[in-house]
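Novice: Dumping the structure here so I can ask a few things about it.
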Amino acid sequence: MPIHNSSIIHSNSLIEENAIIGKNCKIGPFCYVSSDCVLEDNIELFSHVSIVGRTLIGKNTKVWPFASIGHYPQDLKYKGENNELIIGADNKIRESVSINPGTKGGGGTTKIGNNCLFMLGSHIGHDCQLGDGIILANNAALAGHVSLGDNVTIGGLSGVHQFVRIGEGAFIGALSMVAKDVIPFGMVYGERAKLMGLNLVGLRRSGTNNKQIKELKSVYDNIFFDQKTFNKKISNIGDINNPLVKKLINFLNAEKDRAILSPK
């Protein structure tokens, strides 16, 4: 069994043959790790954690009790085909979190970046693609094929519809139901979510200067409150040397399955 001799495995846990456990890992009681799993260095499973399938978890990640990671996707079309789940480094996966691998229809892979926090009871569905620095608050849920950019925050008890994209730095308030794409740096609230403006607090906390924020706000106002057609408004923006604006325009021009969430 390829377990590094510096790791500590509780006698009441089951680590299947051929599972790979890196250096200085700590696996508490009543955990299960199946044969195709790879746990990189300095990972801690506190207790009662189940990790199965072709799952890779990056270094320094901590997983709290009753998390379910890598089990069959909740998709009736799934017929046992090969799939995988890739979780980056320095993540915190709290109690009763569930994370599903991919499906054939979504490319076969669910992928999560680094330095994320998934709070109690949150769910990441099959074929989701998540960036770095993401926070899912308690019982937030992502359906299949959802894409989250870096530093997205989703409030407690919120749901995100399948195939929705949420751009970098967006903030989704608690108790929101998001069924359309959310622009980068957008601020969203509501049972049937509406775009309420820009996440100015998040932008300032990230160190963005006021000039860039003002330019982004001006472009936002032109796109959502001018009377021209949507495509015409985007084409009229011109060449602005502002990385925030470029991210917004690239997001709006990208291929999409859902409409863009608007303030109306």
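A note on labels: chains of the structure tokens are A, B, ... as shown, every chain counts residues from 1, and ligands are counted from 1 in their shown order.
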List the neighbours of Asn100 of chain A out to 12 Å using only C-alpha atoms; skip same-chain residues closer than 3 positions along the sequence, and give me the result as a PyMOL selection string.

Specialist: chain A and resi 51-55+67-75+78+83-87+97+103+108-112+122-129+141-145

Novice: What residues in segment 79-209 of chain A get the DSSP label helix (DSSP H, G or I)? Please answer as JSON, numbers by chain.

Specialist: {"A": [104, 105, 106, 200, 201, 202, 203, 204, 205]}

Novice: Rounded to one decimal place, report the atom CA of Phe185 of chain A-atom CA of Asn60 of chain A distance in Å.

Specialist: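 Distance between the two atoms: 28.5 Å.
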
Novice: May I have all residues of segment 23-187 of chain A that DSSP, computed from the backbone, assigns to strand (DSSP E or B), given as a VMD selection string?

Specialist: chain A and resid 26 to 27 32 to 33 38 to 39 44 to 45 50 to 51 55 to 57 62 to 63 68 to 69 84 to 87 92 to 93 98 to 99 109 to 112 117 to 118 123 to 124 129 to 130 135 to 136 141 to 142 147 to 148 153 to 154 159 to 160 165 to 166 171 to 172 177 to 178 181 to 182 186 to 187

Novice: Quick one: pull the distance between atom CA of Asn253 of chain A and atom CA of Asn199 of chain A, Å, one decimal.

Specialist: 20.8 Å

Novice: Could you check how far atom CA of Thr61 of chain A sits from atom CA of Gly102 of chain A, in Å to one decimal?

Specialist: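 Distance reported for this atom pair: 20.7 Å.
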
Novice: Which residues, written as a tab-separated table (two decimals) with N, CA and C atoms, in the first residue's frame, have at least one atom at most 8 Å from segment 171-181 of chain A, with only C-alpha atoms counted and residues fewer than 6 positions away on the same chain left out?

Specialist:
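Contents of result-v9.tsv, as written:
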```tsv
chain	number	residue	atom	x	y	z
A	152	VAL	N	-15.15	34.02	-6.14
A	152	VAL	CA	-16.62	34.12	-6.05
A	152	VAL	C	-17.06	33.72	-4.65
A	153	THR	N	-18.03	34.45	-4.11
A	153	THR	CA	-18.64	34.11	-2.82
A	153	THR	C	-20.13	33.85	-3.03
A	154	ILE	N	-20.61	32.71	-2.51
A	154	ILE	CA	-22.03	32.36	-2.62
A	154	ILE	C	-22.60	32.19	-1.22
A	155	GLY	N	-23.63	32.97	-0.90
A	155	GLY	CA	-24.20	32.99	0.44
A	155	GLY	C	-24.98	31.73	0.77
A	156	GLY	N	-25.27	31.58	2.04
A	156	GLY	CA	-25.92	30.39	2.55
A	156	GLY	C	-27.29	30.14	1.94
A	157	LEU	N	-27.60	28.85	1.74
A	157	LEU	CA	-28.89	28.40	1.23
A	157	LEU	C	-29.20	28.92	-0.18
A	158	SER	N	-28.18	29.29	-0.91
A	158	SER	CA	-28.37	29.72	-2.30
A	158	SER	C	-28.18	28.54	-3.24
A	159	GLY	N	-28.84	28.62	-4.40
A	159	GLY	CA	-28.73	27.58	-5.40
A	159	GLY	C	-28.32	28.16	-6.75
A	160	VAL	N	-27.51	27.41	-7.49
A	160	VAL	CA	-27.08	27.84	-8.83
A	160	VAL	C	-27.52	26.79	-9.83
A	161	HIS	N	-28.28	27.20	-10.83
A	161	HIS	CA	-28.84	26.33	-11.86
A	161	HIS	C	-27.74	25.73	-12.73
A	162	GLN	N	-28.01	24.57	-13.31
A	162	GLN	CA	-27.04	23.91	-14.17
A	162	GLN	C	-26.64	24.79	-15.36
A	164	VAL	N	-24.87	27.37	-15.49
A	164	VAL	CA	-24.68	28.80	-15.20
A	164	VAL	C	-23.20	29.11	-15.02
A	165	ARG	N	-22.78	30.27	-15.53
A	165	ARG	CA	-21.43	30.79	-15.30
A	165	ARG	C	-21.52	31.97	-14.33
A	187	MET	N	-22.92	41.90	-8.17
A	187	MET	CA	-23.54	41.72	-6.85
A	187	MET	C	-24.98	41.28	-7.09
A	188	VAL	N	-25.34	40.10	-6.53
A	188	VAL	CA	-26.63	39.48	-6.85
A	188	VAL	C	-27.38	39.14	-5.56
A	189	TYR	N	-28.68	39.45	-5.56
A	189	TYR	CA	-29.55	39.07	-4.45
A	189	TYR	C	-30.90	38.65	-4.99
A	190	GLY	N	-31.66	37.91	-4.17
A	190	GLY	CA	-33.06	37.69	-4.47
A	190	GLY	C	-33.43	36.24	-4.67
A	191	GLU	N	-34.66	35.90	-4.25
A	191	GLU	CA	-35.15	34.54	-4.43
A	191	GLU	C	-35.10	34.15	-5.89
A	192	ARG	N	-35.53	35.03	-6.78
A	192	ARG	CA	-35.25	34.92	-8.20
A	192	ARG	C	-34.24	36.02	-8.48
A	193	ALA	N	-32.99	35.63	-8.49
A	193	ALA	CA	-31.89	36.58	-8.33
A	193	ALA	C	-31.89	37.67	-9.40
A	199	ASN	N	-19.78	44.47	-7.10
A	199	ASN	CA	-19.26	44.10	-5.78
A	199	ASN	C	-18.12	45.05	-5.42
A	258	ARG	N	-26.64	30.09	-20.99
A	258	ARG	CA	-27.67	30.85	-20.29
A	258	ARG	C	-27.61	32.32	-20.68
A	259	ALA	N	-28.71	33.00	-20.50
A	259	ALA	CA	-28.73	34.45	-20.69
A	259	ALA	C	-27.94	35.14	-19.56
A	260	ILE	N	-27.62	36.39	-19.78
A	260	ILE	CA	-26.91	37.18	-18.78
A	260	ILE	C	-27.93	37.78	-17.81
A	261	LEU	N	-27.66	37.61	-16.52
A	261	LEU	CA	-28.52	38.20	-15.49
A	261	LEU	C	-28.42	39.72	-15.55
```

Novice: Identify which of the residues A:Ser6, A:Val146, A:Val219, A:Ser50 lies closest to Gly106 of chain A, counting only C-alpha atoms when measuring atom-to-atom distances.

Specialist: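 The answer is A:Val146, which sits nearest to Gly106 of chain A.
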